[in-house]
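Since the structure comes first, as structure tokens, the remarks are kept for the end.
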Amino acid sequence: MLTSKYCNENLNASPITWGYAKGELVELIESRTIADIKEEFADVCYCVLCAVHSSTGISLPMVGATPTIKKVNERLSIWRDIFKENGLVFHKKYLVNGSNYKKQHKIDAALAMARAAN
């Protein structure tokens with residue numbers, strides 16, 4: 001898949017910035033296990049490719065990003081369930097603080113933003 005297709009279909013509301021990519025690179029550098037290194041490497045590939053597309057419009061193959069794409073899709077499914085349980089309609093624009101549903105402050109922020117929008 002090319003970044004143009006992926007980003008246009010999945011990141012319209014909140015493009016990935018170079019700052020976000022830098023944060024993932026720091027996480028890669030700080031990784032201590034092989035599993036963490038593999039995960040963070042995929043995250044870096046994903047973020048750099050999306051940041052290149054977001055900032056320049058250049059479309060590249062999503063090389064190395066497949067594990068992160070899968071992780072993002074799984075997270076979005078869980079977010080839809082969280083919103084449904086709270087009687088709200090999910091939209092990716094509510095995930096400005098990130099998509100890691102395991103962090104309660106991110107859930108609280110997303111739900112608060114959705115409630116304020118309704």
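Please note that chains go A, B, ... in the order of the structure tokens, that every chain numbers its residues from 1, and that ligands are numbered from 1 in the order shown.
The list of residues with at least one atom within 8 Å of region 32-49 of chain A, based on only C-alpha atoms and without residues fewer than 2 positions apart in the same chain, reads Thr3, Ile16, Thr17, Trp18, Tyr20, Ala21, Glu24, Leu25, Glu27, Leu28, Glu30, Ala51, Val52, His53, Leu60, Met62, Val63, Gly64, Ala65, Thr66, Pro67, Thr68 and Ile69 of chain A.
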Once you have the residues from the selection above, write them out as a PDB file, in the first residue's frame, restricted to C-alpha atoms.
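Final output, saved to out22.pdb:
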```
ATOM      1  CA  THR A   3       1.288   6.274   1.884  1.00  0.00           C
ATOM      2  CA  ILE A  16       1.317  12.438  11.697  1.00  0.00           C
ATOM      3  CA  THR A  17       3.947  15.112  12.288  1.00  0.00           C
ATOM      4  CA  TRP A  18       7.737  14.968  12.440  1.00  0.00           C
ATOM      5  CA  TYR A  20       5.449  12.419  16.576  1.00  0.00           C
ATOM      6  CA  ALA A  21       7.956  10.488  14.447  1.00  0.00           C
ATOM      7  CA  GLU A  24       8.757   7.081  18.211  1.00  0.00           C
ATOM      8  CA  LEU A  25      12.458   7.201  17.350  1.00  0.00           C
ATOM      9  CA  GLU A  27      11.166   5.022  22.056  1.00  0.00           C
ATOM     10  CA  LEU A  28      13.121   2.822  19.616  1.00  0.00           C
ATOM     11  CA  GLU A  30      15.269   3.361  24.554  1.00  0.00           C
ATOM     12  CA  ALA A  51       5.115  12.331   8.114  1.00  0.00           C
ATOM     13  CA  VAL A  52       6.832  12.410   4.712  1.00  0.00           C
ATOM     14  CA  HIS A  53       3.464  12.169   2.997  1.00  0.00           C
ATOM     15  CA  LEU A  60       5.944   5.890  -0.792  1.00  0.00           C
ATOM     16  CA  MET A  62       4.471   1.512   3.546  1.00  0.00           C
ATOM     17  CA  VAL A  63       7.627  -0.607   3.913  1.00  0.00           C
ATOM     18  CA  GLY A  64       8.213  -1.881   7.438  1.00  0.00           C
ATOM     19  CA  ALA A  65       4.959  -0.432   8.762  1.00  0.00           C
ATOM     20  CA  THR A  66       2.653  -3.468   8.474  1.00  0.00           C
ATOM     21  CA  PRO A  67       2.785  -4.425  12.197  1.00  0.00           C
ATOM     22  CA  THR A  68       1.893  -0.870  13.191  1.00  0.00           C
ATOM     23  CA  ILE A  69      -0.934  -0.653  10.651  1.00  0.00           C
TER      24      ILE A  69
END
```
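Proximity to Val96 (chain A) at 12 Å, evaluated using only C-alpha atoms and with sequence-adjacent residues fewer than 2 positions away removed, yields Leu11, Ala13, Ser14, Pro15, Ile16, Thr17, Tyr20, His91, Lys92, Lys93, Tyr94, Gly98, Ser99, Asn100, His105, Lys106, Ile107, Asp108, Ala109, Ala110, Leu111, Ala112, Met113 and Ala114 of chain A.
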So that I can check the secondary structure, give me every residue of region 6-94 of chain A assigned alpha helix (DSSP H) by backbone DSSP, as a count of residues only.
61
So the first atom is CA of Ser59 (chain A) and the second is CA of Ser4 (chain A); what is the distance between them in Å, to one decimal place?
5.1 Å
Write out as an mmCIF file with C-alpha atoms, in the first residue's frame which residues come within 10 Å of region 84-88 of chain A when counting only C-alpha atoms, dropping same-chain ones fewer than 4 positions away.
```
data_model
loop_
_atom_site.group_PDB
_atom_site.id
_atom_site.type_symbol
_atom_site.label_atom_id
_atom_site.label_comp_id
_atom_site.auth_asym_id
_atom_site.auth_seq_id
_atom_site.Cartn_x
_atom_site.Cartn_y
_atom_site.Cartn_z
ATOM 1 C CA ILE A 78 -11.412 -1.165 20.602
ATOM 2 C CA TRP A 79 -11.984 2.599 20.556
ATOM 3 C CA ARG A 80 -15.268 2.069 18.711
ATOM 4 C CA LEU A 111 -14.508 10.890 25.626
ATOM 5 C CA ALA A 114 -16.613 13.715 22.010
ATOM 6 C CA ARG A 115 -19.043 14.868 24.696
ATOM 7 C CA ASN A 118 -22.246 16.775 20.927
#
```
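Residue nearest Leu2 (chain A) within the list A:Ile58, A:Lys22, A:Asn97, A:Ser31: A:Ile58 [criterion: smallest interatomic distance, only C-alpha atoms].
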